[in-house]
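**Student:** Structure: final.pdb, PDB, C-alpha atoms and all ligand atoms.
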```
ATOM      1  CA  MET A   8      85.664 119.562  96.505  1.00  0.00           C
ATOM      2  CA  VAL A   9      86.607 121.336  99.723  1.00  0.00           C
ATOM      3  CA  ARG A  10      88.977 119.224 101.785  1.00  0.00           C
ATOM      4  CA  GLU A  11      92.331 119.318 103.460  1.00  0.00           C
ATOM      5  CA  ASN A  12      93.124 115.866 104.791  1.00  0.00           C
ATOM      6  CA  GLU A  13      89.752 114.351 105.534  1.00  0.00           C
ATOM      7  CA  ILE A  14      88.778 110.886 104.322  1.00  0.00           C
ATOM      8  CA  ARG A  15      85.071 110.503 103.611  1.00  0.00           C
ATOM      9  CA  SER A  16      83.029 107.312 103.728  1.00  0.00           C
ATOM     10  CA  GLY A  17      84.076 104.919 100.945  1.00  0.00           C
ATOM     11  CA  GLU A  18      87.244 106.813 100.060  1.00  0.00           C
ATOM     12  CA  VAL A  19      90.560 105.030  99.599  1.00  0.00           C
ATOM     13  CA  ALA A  20      94.021 106.556  99.840  1.00  0.00           C
ATOM     14  CA  VAL A  21      97.049 104.835  98.335  1.00  0.00           C
ATOM     15  CA  GLU A  22     100.653 104.805  99.463  1.00  0.00           C
ATOM     16  CA  TRP A  23     102.580 107.634  97.854  1.00  0.00           C
ATOM     17  CA  PRO A  24     105.485 106.495  95.595  1.00  0.00           C
ATOM     18  CA  VAL A  25     108.978 107.335  96.762  1.00  0.00           C
ATOM     19  CA  SER A  26     110.251 108.649  93.442  1.00  0.00           C
ATOM     20  CA  THR A  27     108.662 110.719  90.677  1.00  0.00           C
ATOM     21  CA  ASP A  28     108.838 110.386  86.897  1.00  0.00           C
ATOM     22  CA  ALA A  29     108.964 113.968  85.674  1.00  0.00           C
ATOM     23  CA  GLY A  30     109.638 117.422  86.985  1.00  0.00           C
ATOM     24  CA  VAL A  31     107.331 120.264  86.041  1.00  0.00           C
ATOM     25  CA  ILE A  32     108.221 123.901  86.346  1.00  0.00           C
ATOM     26  CA  PHE A  33     105.882 126.641  87.359  1.00  0.00           C
ATOM     27  CA  ILE A  34     106.020 129.287  84.631  1.00  0.00           C
ATOM     28  CA  GLY A  35     103.828 131.815  86.381  1.00  0.00           C
ATOM     29  CA  ARG A  36     101.163 132.469  88.948  1.00  0.00           C
ATOM     30  CA  ILE A  37      97.419 132.985  88.668  1.00  0.00           C
ATOM     31  CA  HIS A  38      95.749 135.817  90.531  1.00  0.00           C
ATOM     32  CA  THR A  39      92.070 135.331  91.282  1.00  0.00           C
ATOM     33  CA  PRO A  40      89.572 136.742  93.788  1.00  0.00           C
ATOM     34  CA  TRP A  41      89.304 133.407  95.643  1.00  0.00           C
ATOM     35  CA  THR A  42      91.364 132.644  98.726  1.00  0.00           C
ATOM     36  CA  SER A  43      89.262 129.761 100.024  1.00  0.00           C
ATOM     37  CA  ARG A  44      88.001 126.625  98.326  1.00  0.00           C
ATOM     38  CA  LEU A  45      84.594 127.298  99.885  1.00  0.00           C
ATOM     39  CA  GLU A  46      84.126 130.333  97.652  1.00  0.00           C
ATOM     40  CA  CYS A  47      86.010 129.135  94.562  1.00  0.00           C
ATOM     41  CA  PRO A  48      83.718 127.998  91.700  1.00  0.00           C
ATOM     42  CA  ARG A  49      83.764 124.308  90.747  1.00  0.00           C
ATOM     43  CA  GLN A  50      84.252 125.273  87.088  1.00  0.00           C
ATOM     44  CA  GLY A  51      85.036 128.654  85.602  1.00  0.00           C
ATOM     45  CA  ARG A  52      82.548 130.675  83.566  1.00  0.00           C
ATOM     46  CA  LEU A  53      83.331 132.879  80.618  1.00  0.00           C
ATOM     47  CA  ASP A  54      81.276 135.619  82.276  1.00  0.00           C
ATOM     48  CA  GLY A  55      83.111 135.141  85.574  1.00  0.00           C
ATOM     49  CA  PRO A  56      85.445 137.667  87.203  1.00  0.00           C
ATOM     50  CA  VAL A  57      88.514 138.872  85.338  1.00  0.00           C
ATOM     51  CA  CYS A  58      91.616 137.072  86.648  1.00  0.00           C
ATOM     52  CA  ARG A  59      95.263 137.779  85.957  1.00  0.00           C
ATOM     53  CA  ILE A  60      97.747 135.234  84.667  1.00  0.00           C
ATOM     54  CA  GLU A  61     101.266 136.404  85.510  1.00  0.00           C
ATOM     55  CA  LEU A  62     104.010 134.853  83.413  1.00  0.00           C
ATOM     56  CA  PHE A  63     107.472 134.680  84.990  1.00  0.00           C
ATOM     57  CA  ALA A  64     110.813 135.424  83.312  1.00  0.00           C
ATOM     58  CA  PRO A  65     112.363 133.926  81.211  1.00  0.00           C
ATOM     59  CA  TRP A  66     109.111 132.920  79.490  1.00  0.00           C
ATOM     60  CA  HIS A  67     107.797 136.354  78.459  1.00  0.00           C
ATOM     61  CA  LYS A  68     108.772 135.993  74.780  1.00  0.00           C
ATOM     62  CA  GLY A  69     106.583 132.903  74.656  1.00  0.00           C
ATOM     63  CA  LEU A  70     103.544 135.187  74.531  1.00  0.00           C
ATOM     64  CA  ALA A  71     104.406 136.397  71.016  1.00  0.00           C
ATOM     65  CA  GLY A  72     101.416 135.756  68.763  1.00  0.00           C
ATOM     66  CA  ILE A  73      98.974 135.043  71.546  1.00  0.00           C
ATOM     67  CA  GLU A  74      96.962 138.139  70.619  1.00  0.00           C
ATOM     68  CA  GLU A  75      95.669 136.143  67.624  1.00  0.00           C
ATOM     69  CA  TYR A  76      93.655 133.939  69.946  1.00  0.00           C
ATOM     70  CA  GLU A  77      90.687 134.951  72.041  1.00  0.00           C
ATOM     71  CA  ARG A  78      90.177 131.505  73.565  1.00  0.00           C
ATOM     72  CA  LEU A  79      93.063 129.969  75.470  1.00  0.00           C
ATOM     73  CA  GLU A  80      93.518 126.765  77.353  1.00  0.00           C
ATOM     74  CA  VAL A  81      95.206 127.274  80.705  1.00  0.00           C
ATOM     75  CA  LEU A  82      96.818 124.471  82.698  1.00  0.00           C
ATOM     76  CA  TYR A  83      97.570 124.947  86.372  1.00  0.00           C
ATOM     77  CA  TRP A  84      98.785 123.032  89.379  1.00  0.00           C
ATOM     78  CA  LEU A  85      96.151 122.678  92.096  1.00  0.00           C
ATOM     79  CA  HIS A  86      98.863 122.978  94.713  1.00  0.00           C
ATOM     80  CA  ARG A  87      96.688 122.675  97.788  1.00  0.00           C
ATOM     81  CA  SER A  88      95.157 119.328  96.848  1.00  0.00           C
ATOM     82  CA  ARG A  89      95.924 116.018  98.445  1.00  0.00           C
ATOM     83  CA  ARG A  90      97.127 113.575  95.818  1.00  0.00           C
ATOM     84  CA  ASP A  91      96.704 110.084  97.206  1.00  0.00           C
ATOM     85  CA  LEU A  92      92.992 109.278  96.833  1.00  0.00           C
ATOM     86  CA  VAL A  93      92.052 106.621  94.301  1.00  0.00           C
ATOM     87  CA  LEU A  94      88.379 106.501  95.333  1.00  0.00           C
ATOM     88  CA  GLN A  95      86.542 109.673  96.259  1.00  0.00           C
ATOM     89  CA  SER A  96      83.125 110.535  97.644  1.00  0.00           C
ATOM     90  CA  PRO A  97      82.314 114.070  96.438  1.00  0.00           C
ATOM     91  CA  ARG A  98      80.488 116.175  98.958  1.00  0.00           C
ATOM     92  CA  ASN A  99      77.547 116.960  96.649  1.00  0.00           C
ATOM     93  CA  ASP A 100      76.215 113.390  96.375  1.00  0.00           C
ATOM     94  CA  GLY A 101      78.503 111.265  98.550  1.00  0.00           C
ATOM     95  CA  ILE A 102      78.638 108.512  95.896  1.00  0.00           C
ATOM     96  CA  THR A 103      82.066 106.885  95.795  1.00  0.00           C
ATOM     97  CA  ARG A 104      83.742 106.993  92.380  1.00  0.00           C
ATOM     98  CA  GLY A 105      87.198 106.495  90.906  1.00  0.00           C
ATOM     99  CA  THR A 106      89.397 109.567  90.732  1.00  0.00           C
ATOM    100  CA  PHE A 107      89.636 109.345  86.939  1.00  0.00           C
ATOM    101  CA  SER A 108      85.875 109.578  86.553  1.00  0.00           C
ATOM    102  CA  LEU A 109      85.849 112.921  88.371  1.00  0.00           C
ATOM    103  CA  ARG A 110      87.159 116.435  87.696  1.00  0.00           C
ATOM    104  CA  SER A 111      88.021 116.767  91.371  1.00  0.00           C
ATOM    105  CA  PRO A 112      91.201 118.708  92.188  1.00  0.00           C
ATOM    106  CA  VAL A 113      92.264 115.681  94.247  1.00  0.00           C
ATOM    107  CA  ARG A 114      94.326 113.525  91.873  1.00  0.00           C
ATOM    108  CA  PRO A 115      97.860 112.105  91.693  1.00  0.00           C
ATOM    109  CA  ASN A 116      98.980 114.931  89.412  1.00  0.00           C
ATOM    110  CA  PRO A 117      96.675 117.796  90.402  1.00  0.00           C
ATOM    111  CA  ILE A 118      96.510 119.493  87.013  1.00  0.00           C
ATOM    112  CA  GLY A 119      93.540 121.754  86.365  1.00  0.00           C
ATOM    113  CA  THR A 120      92.508 122.944  82.934  1.00  0.00           C
ATOM    114  CA  ALA A 121      90.194 125.732  81.858  1.00  0.00           C
ATOM    115  CA  LEU A 122      89.168 127.179  78.547  1.00  0.00           C
ATOM    116  CA  VAL A 123      89.275 130.923  79.110  1.00  0.00           C
ATOM    117  CA  LYS A 124      88.452 134.127  77.268  1.00  0.00           C
ATOM    118  CA  ARG A 125      91.303 136.580  76.769  1.00  0.00           C
ATOM    119  CA  VAL A 126      90.296 140.049  77.926  1.00  0.00           C
ATOM    120  CA  ALA A 127      93.606 141.914  77.633  1.00  0.00           C
ATOM    121  CA  ILE A 128      97.357 141.493  77.486  1.00  0.00           C
ATOM    122  CA  GLU A 129      99.352 143.780  79.760  1.00  0.00           C
ATOM    123  CA  GLY A 130     103.061 143.114  79.274  1.00  0.00           C
ATOM    124  CA  SER A 131     103.742 139.700  80.765  1.00  0.00           C
ATOM    125  CA  ASN A 132     100.229 139.435  82.219  1.00  0.00           C
ATOM    126  CA  ILE A 133      97.128 138.107  80.509  1.00  0.00           C
ATOM    127  CA  LEU A 134      93.724 139.078  81.843  1.00  0.00           C
ATOM    128  CA  VAL A 135      91.156 136.343  81.315  1.00  0.00           C
ATOM    129  CA  GLN A 136      87.681 135.185  82.302  1.00  0.00           C
ATOM    130  CA  GLY A 137      86.806 131.550  82.945  1.00  0.00           C
ATOM    131  CA  LEU A 138      89.124 130.440  85.732  1.00  0.00           C
ATOM    132  CA  ASP A 139      88.247 128.475  88.847  1.00  0.00           C
ATOM    133  CA  CYS A 140      91.425 128.348  90.917  1.00  0.00           C
ATOM    134  CA  LEU A 141      92.649 129.852  94.153  1.00  0.00           C
ATOM    135  CA  ASP A 142      94.660 133.035  94.250  1.00  0.00           C
ATOM    136  CA  GLY A 143      98.353 132.161  93.866  1.00  0.00           C
ATOM    137  CA  THR A 144      97.801 128.911  91.954  1.00  0.00           C
ATOM    138  CA  PRO A 145     100.959 127.970  89.997  1.00  0.00           C
ATOM    139  CA  LEU A 146     100.737 128.174  86.210  1.00  0.00           C
ATOM    140  CA  LEU A 147     101.895 125.194  84.124  1.00  0.00           C
ATOM    141  CA  ASP A 148     101.061 126.140  80.545  1.00  0.00           C
ATOM    142  CA  ILE A 149      99.004 128.289  78.191  1.00  0.00           C
ATOM    143  CA  LYS A 150      97.903 127.127  74.736  1.00  0.00           C
ATOM    144  CA  PRO A 151      95.569 128.460  72.079  1.00  0.00           C
ATOM    145  CA  ASP A 152      92.342 126.478  72.010  1.00  0.00           C
ATOM    146  CA  ARG A 153      93.162 125.399  68.454  1.00  0.00           C
ATOM    147  CA  CYS A 154      96.331 124.826  66.502  1.00  0.00           C
ATOM    148  CA  ALA A 155      97.870 127.601  64.409  1.00  0.00           C
ATOM    149  CA  PHE A 156      98.798 125.060  61.763  1.00  0.00           C
ATOM    150  CA  THR A 157      95.828 122.798  61.256  1.00  0.00           C
ATOM    151  CA  PRO A 158      97.130 119.663  59.496  1.00  0.00           C
ATOM    152  CA  LEU A 159      95.431 118.707  56.235  1.00  0.00           C
ATOM    153  CA  ALA A 160      93.203 115.676  56.663  1.00  0.00           C
ATOM    154  CA  PRO A 161      94.510 112.685  54.665  1.00  0.00           C
ATOM    155  CA  PRO A 162      92.325 111.747  51.661  1.00  0.00           C
ATOM    156  CA  GLN A 163      89.426 109.499  52.614  1.00  0.00           C
ATOM    157  CA  PRO A 164      87.852 106.752  50.449  1.00  0.00           C
ATOM    158  CA  GLY A 165      85.023 108.316  48.446  1.00  0.00           C
ATOM    159  CA  ASP A 166      86.601 111.795  48.382  1.00  0.00           C
ATOM    160  CA  GLU A 167      86.076 113.542  45.047  1.00  0.00           C
ATOM    161  CA  GLN A 168      89.127 113.126  42.783  1.00  0.00           C
ATOM    162  CA  THR A 169      90.472 116.222  41.023  1.00  0.00           C
ATOM    163  CA  ALA A 170      92.604 116.008  37.902  1.00  0.00           C
TER     164      ALA A 170
HETATM  165  N1  LIG A 201      88.620 123.483  85.806  1.00  0.00           N
HETATM  166  C1  LIG A 201      89.611 122.596  86.366  1.00  0.00           C
HETATM  167  C2  LIG A 201      89.464 121.218  85.742  1.00  0.00           C
HETATM  168  O1  LIG A 201      88.341 120.825  85.425  1.00  0.00           O
HETATM  169  O2  LIG A 201      90.475 120.541  85.556  1.00  0.00           O
HETATM  170  C3  LIG A 201      89.568 122.531  87.888  1.00  0.00           C
HETATM  171  C4  LIG A 201      88.264 122.033  88.423  1.00  0.00           C
HETATM  172  S1  LIG A 201      88.352 121.772  90.182  1.00  0.00           S
HETATM  173  C5  LIG A 201      86.780 120.984  90.443  1.00  0.00           C
HETATM  174  C6  LIG A 201      88.080 123.384  90.815  1.00  0.00           C
HETATM  175  C7  LIG A 201      88.108 123.334  92.324  1.00  0.00           C
HETATM  176  O3  LIG A 201      89.436 123.049  92.739  1.00  0.00           O
HETATM  177  C8  LIG A 201      87.758 124.645  92.986  1.00  0.00           C
HETATM  178  O4  LIG A 201      86.377 124.750  93.211  1.00  0.00           O
HETATM  179  C9  LIG A 201      88.512 124.539  94.300  1.00  0.00           C
HETATM  180  O5  LIG A 201      87.725 123.843  95.263  1.00  0.00           O
HETATM  181  C10 LIG A 201      89.698 123.669  93.975  1.00  0.00           C
HETATM  182  N2  LIG A 201      90.926 124.436  93.809  1.00  0.00           N
HETATM  183  C11 LIG A 201      91.106 125.549  93.083  1.00  0.00           C
HETATM  184  N3  LIG A 201      92.375 125.971  93.136  1.00  0.00           N
HETATM  185  C12 LIG A 201      93.043 125.072  93.898  1.00  0.00           C
HETATM  186  C13 LIG A 201      94.380 124.954  94.308  1.00  0.00           C
HETATM  187  N4  LIG A 201      95.319 125.828  93.953  1.00  0.00           N
HETATM  188  N5  LIG A 201      94.704 123.912  95.117  1.00  0.00           N
HETATM  189  C14 LIG A 201      93.750 123.017  95.489  1.00  0.00           C
HETATM  190  N6  LIG A 201      92.466 123.083  95.121  1.00  0.00           N
HETATM  191  C15 LIG A 201      92.108 124.096  94.335  1.00  0.00           C
END
```
Could you rewrite the structure in this file as structure tokens?
**Tutor:**
Amino acid sequence: MVRENEIRSGEVAVEWPVSTDAGVIFIGRIHTPWTSRLECPRQGRLDGPVCRIELFAPWHKGLAGIEEYERLEVLYWLHRSRRDLVLQSPRNDGITRGTFSLRSPVRPNPIGTALVKRVAIEGSNILVQGLDCLDGTPLLDIKPDRCAFTPLAPPQPGDEQTA
């Protein structure tokens, strides 16, 4: 959705609360080829351009073990989004929908997520494919796409009993 402060037909903005509940910290910055929302893809592709995730100090040690995972989930802060729309009318069809039924960057907490492919690790930088954010987008988190310690499923009725 390409917008700065426009309100489209059917859209509703809410009053912004005075206080906030939690503080997030930006742990890095994402470098991509896109400087305008007009050219930025709506969703990333695993065969898309290689982008660079730069991790800031003091978080570098947090990358230990990441080489075990080829697929990573990246969370980022869509910092140029407005945050106050509760109803939105996306440009592609103009149909008004609730914010939580859309993956629009316009949301009260503008968190974007993408499942990416790790291409390389260069010191405190990870090169990946699959992103869809503007150059300079703040980084919130990186996780493997699956857990390193998969919990054992509890026994289910009908499971075979072993002596
Ligand atoms: N893949 C993420 C998700 O599903 O949560 C983000 C999807 S969102 C539709 C991607 C769009 O957000 C891009 O096409 C661009 O228009 C917009 N966008 C990307 N980076 C942004 C940023 N830093 N601030 C505001 N909007 C951004």
**Student:** I want to know what sits within 6 Å of A:Trp41, based on all atoms listed in the file, with residues of the same chain fewer than 4 positions away left out; could you give that as a list in words?
**Tutor:**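 Contacts, with the query itself left out: Cys47, Leu141 and Asp142 of chain A.
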**Student:** Once the PyMOL selection byres (((chain A and resi 77-94) around 6) and not hetatm) has been evaluated on this model, what residues remain selected, and can you format them as a PDB file with C-alpha atoms, in the frame of the given file?
**Tutor:**
```pdb
ATOM      1  CA  GLU A  18      87.244 106.813 100.060  1.00  0.00           C
ATOM      2  CA  VAL A  19      90.560 105.030  99.599  1.00  0.00           C
ATOM      3  CA  ALA A  20      94.021 106.556  99.840  1.00  0.00           C
ATOM      4  CA  VAL A  21      97.049 104.835  98.335  1.00  0.00           C
ATOM      5  CA  TYR A  76      93.655 133.939  69.946  1.00  0.00           C
ATOM      6  CA  GLN A  95      86.542 109.673  96.259  1.00  0.00           C
ATOM      7  CA  ARG A 104      83.742 106.993  92.380  1.00  0.00           C
ATOM      8  CA  GLY A 105      87.198 106.495  90.906  1.00  0.00           C
ATOM      9  CA  THR A 106      89.397 109.567  90.732  1.00  0.00           C
ATOM     10  CA  VAL A 113      92.264 115.681  94.247  1.00  0.00           C
ATOM     11  CA  ARG A 114      94.326 113.525  91.873  1.00  0.00           C
ATOM     12  CA  PRO A 115      97.860 112.105  91.693  1.00  0.00           C
ATOM     13  CA  PRO A 117      96.675 117.796  90.402  1.00  0.00           C
ATOM     14  CA  ILE A 118      96.510 119.493  87.013  1.00  0.00           C
ATOM     15  CA  GLY A 119      93.540 121.754  86.365  1.00  0.00           C
ATOM     16  CA  THR A 120      92.508 122.944  82.934  1.00  0.00           C
ATOM     17  CA  ALA A 121      90.194 125.732  81.858  1.00  0.00           C
ATOM     18  CA  LEU A 122      89.168 127.179  78.547  1.00  0.00           C
ATOM     19  CA  VAL A 123      89.275 130.923  79.110  1.00  0.00           C
ATOM     20  CA  LYS A 124      88.452 134.127  77.268  1.00  0.00           C
ATOM     21  CA  ARG A 125      91.303 136.580  76.769  1.00  0.00           C
ATOM     22  CA  PRO A 145     100.959 127.970  89.997  1.00  0.00           C
ATOM     23  CA  LEU A 146     100.737 128.174  86.210  1.00  0.00           C
ATOM     24  CA  LEU A 147     101.895 125.194  84.124  1.00  0.00           C
ATOM     25  CA  ASP A 148     101.061 126.140  80.545  1.00  0.00           C
ATOM     26  CA  ILE A 149      99.004 128.289  78.191  1.00  0.00           C
ATOM     27  CA  LYS A 150      97.903 127.127  74.736  1.00  0.00           C
ATOM     28  CA  PRO A 151      95.569 128.460  72.079  1.00  0.00           C
ATOM     29  CA  ASP A 152      92.342 126.478  72.010  1.00  0.00           C
TER      30      ASP A 152
END
```
**Student:** To one decimal in Å, tell me the separation between atom CA of A:Ile60 and atom CA of A:Ser108.
**Tutor:**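 So the two atoms, atom CA of A:Ile60 and atom CA of A:Ser108, lie 28.3 Å apart.
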**Student:** Give me the result of the PyMOL selection byres (((chain A and resi 48-56) around 9) and not hetatm) on this file, residue by residue, as a compact mmCIF listing (two decimals) with C-alpha atoms, keeping the file's coordinate frame.
**Tutor:**
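Writing the result to expr-v3.txt gives the following:
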```
# COMPACT_ATOMS: atom_id res chain seq x y z
CA MET A 8 85.66 119.56 96.50
CA THR A 39 92.07 135.33 91.28
CA PRO A 40 89.57 136.74 93.79
CA TRP A 41 89.30 133.41 95.64
CA ARG A 44 88.00 126.62 98.33
CA LEU A 45 84.59 127.30 99.88
CA GLU A 46 84.13 130.33 97.65
CA CYS A 47 86.01 129.14 94.56
CA VAL A 57 88.51 138.87 85.34
CA CYS A 58 91.62 137.07 86.65
CA SER A 111 88.02 116.77 91.37
CA ALA A 121 90.19 125.73 81.86
CA LEU A 122 89.17 127.18 78.55
CA VAL A 123 89.28 130.92 79.11
CA LYS A 124 88.45 134.13 77.27
CA VAL A 135 91.16 136.34 81.32
CA GLN A 136 87.68 135.18 82.30
CA GLY A 137 86.81 131.55 82.94
CA LEU A 138 89.12 130.44 85.73
CA ASP A 139 88.25 128.48 88.85
CA CYS A 140 91.42 128.35 90.92
```
**Student:** Just checking: using only C-alpha atoms, which residue out of A:Gly69, A:Asn132, A:Ser16, A:Gly165 ends up closest to A:Ile102?
**Tutor:**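 Going through A:Gly69, A:Asn132, A:Ser16, A:Gly165 one by one, the smallest distance to A:Ile102 is for A:Ser16.
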**Student:** Counting only C-alpha atoms, which of A:Pro24, A:Ile34, A:Ala29, A:Pro112 gets nearest to A:Glu11?
**Tutor:**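 Under the stated criterion, the closest residue is A:Pro112.
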**Student:** Using all atoms of ligand LIG 201 (chain A) listed in the file and a margin of 4 Å per side, can you give the axis-aligned box centre and edge lengths in Å to one decimal, as lines of an AutoDock Vina configuration file?
**Tutor:**
```
center_x = 90.8
center_y = 123.3
center_z = 90.5
size_x = 16.9
size_y = 13.4
size_z = 18.1
```
**Student:** Identify which of the residues A:Ser26, A:Ser96, A:Ser131, A:Thr42 lies closest to A:Ile14, counting all atoms listed in the file when measuring atom-to-atom distances.
**Tutor:**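 Comparing A:Ser26, A:Ser96, A:Ser131, A:Thr42 against A:Ile14, the winner is A:Ser96.
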**Student:** Interatomic distance between atom CA of A:Arg59 and atom CA of A:Val31?
**Tutor:**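 We find that atom CA of A:Arg59 and atom CA of A:Val31 lie 21.3 Å from each other.
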**Student:** Rank nothing, just name the residue among A:Asn99, A:Gln163, A:Ser43, A:Asn12 nearest to ligand LIG 201 (chain A), using all atoms listed in the file.
**Tutor:** A:Ser43
**Student:** Calculate how many Å separate atom C6 of ligand LIG 201 (chain A) from atom CA of A:Ala64, rounding to one decimal.
**Tutor:** 26.8 Å
**Student:** With distances taken over all atoms listed in the file, which of A:Gly143, A:Phe63, A:Ile128, A:Pro161 is nearest to A:Glu75?
**Tutor:**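 Of A:Gly143, A:Phe63, A:Ile128, A:Pro161, the one nearest A:Glu75, counting all atoms listed in the file, is A:Ile128.
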**Student:** Pick out the closest residue to ligand LIG 201 (chain A) from this set: A:Ala127, A:Pro162, A:Gly101, A:Ile37. Count all atoms listed in the file.
**Tutor:**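 Of A:Ala127, A:Pro162, A:Gly101, A:Ile37, the one nearest ligand LIG 201 (chain A) is A:Ile37, counting all atoms listed in the file.
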**Student:** Quick one: stretch 15-32 of chain A from the block, N, CA, C and O atoms, as a short mmCIF file (atom, residue, chain, number, x, y, z; two decimals), in the first residue's frame.
**Tutor:**
```cif
data_model
loop_
_atom_site.label_atom_id
_atom_site.label_comp_id
_atom_site.auth_asym_id
_atom_site.auth_seq_id
_atom_site.Cartn_x
_atom_site.Cartn_y
_atom_site.Cartn_z
N ARG A 15 -8.46 7.20 2.12
CA ARG A 15 -9.24 6.82 0.96
C ARG A 15 -10.70 6.63 1.35
O ARG A 15 -11.02 6.53 2.54
N SER A 16 -11.55 6.52 0.34
CA SER A 16 -12.99 6.34 0.59
C SER A 16 -13.23 5.14 1.50
O SER A 16 -12.69 4.05 1.26
N GLY A 17 -14.02 5.32 2.54
CA GLY A 17 -14.38 4.24 3.45
C GLY A 17 -13.41 4.06 4.61
O GLY A 17 -13.70 3.32 5.55
N GLU A 18 -12.25 4.70 4.54
CA GLU A 18 -11.25 4.47 5.58
C GLU A 18 -11.58 5.25 6.86
O GLU A 18 -12.21 6.31 6.81
N VAL A 19 -11.17 4.68 7.98
CA VAL A 19 -11.42 5.32 9.27
C VAL A 19 -10.12 5.36 10.06
O VAL A 19 -9.45 4.34 10.23
N ALA A 20 -9.78 6.56 10.54
CA ALA A 20 -8.63 6.73 11.42
C ALA A 20 -9.13 6.88 12.85
O ALA A 20 -10.22 7.40 13.08
N VAL A 21 -8.35 6.38 13.80
CA VAL A 21 -8.74 6.50 15.21
C VAL A 21 -7.81 7.50 15.90
O VAL A 21 -6.74 7.83 15.39
N GLU A 22 -8.23 7.93 17.06
CA GLU A 22 -7.40 8.85 17.84
C GLU A 22 -6.22 8.08 18.42
O GLU A 22 -6.41 6.96 18.93
N TRP A 23 -5.05 8.63 18.34
CA TRP A 23 -3.85 7.92 18.78
C TRP A 23 -3.73 8.00 20.30
O TRP A 23 -3.88 9.08 20.88
N PRO A 24 -3.50 6.86 21.01
CA PRO A 24 -3.40 6.92 22.47
C PRO A 24 -2.23 7.76 22.95
O PRO A 24 -1.20 7.84 22.26
N VAL A 25 -2.37 8.34 24.11
CA VAL A 25 -1.33 9.23 24.62
C VAL A 25 -0.11 8.44 25.10
O VAL A 25 1.02 8.83 24.89
N SER A 26 -0.37 7.28 25.74
CA SER A 26 0.78 6.53 26.26
C SER A 26 0.90 5.21 25.52
O SER A 26 -0.03 4.75 24.88
N THR A 27 2.07 4.57 25.65
CA THR A 27 2.30 3.29 25.00
C THR A 27 2.54 2.21 26.05
O THR A 27 2.85 2.52 27.20
N ASP A 28 2.41 0.95 25.64
CA ASP A 28 2.52 -0.15 26.59
C ASP A 28 3.92 -0.75 26.68
O ASP A 28 4.31 -1.28 27.70
N ALA A 29 4.64 -0.74 25.59
CA ALA A 29 5.94 -1.41 25.58
C ALA A 29 6.91 -0.61 24.71
O ALA A 29 6.50 0.08 23.79
N GLY A 30 8.18 -0.74 25.04
CA GLY A 30 9.18 -0.11 24.20
C GLY A 30 9.90 -1.18 23.41
O GLY A 30 10.26 -2.21 23.98
N VAL A 31 10.08 -0.99 22.13
CA VAL A 31 10.89 -1.95 21.38
C VAL A 31 12.23 -1.28 21.09
O VAL A 31 12.34 -0.05 21.12
N ILE A 32 13.23 -2.10 20.86
CA ILE A 32 14.51 -1.51 20.45
C ILE A 32 14.85 -2.02 19.06
O ILE A 32 14.53 -3.15 18.71
#
```
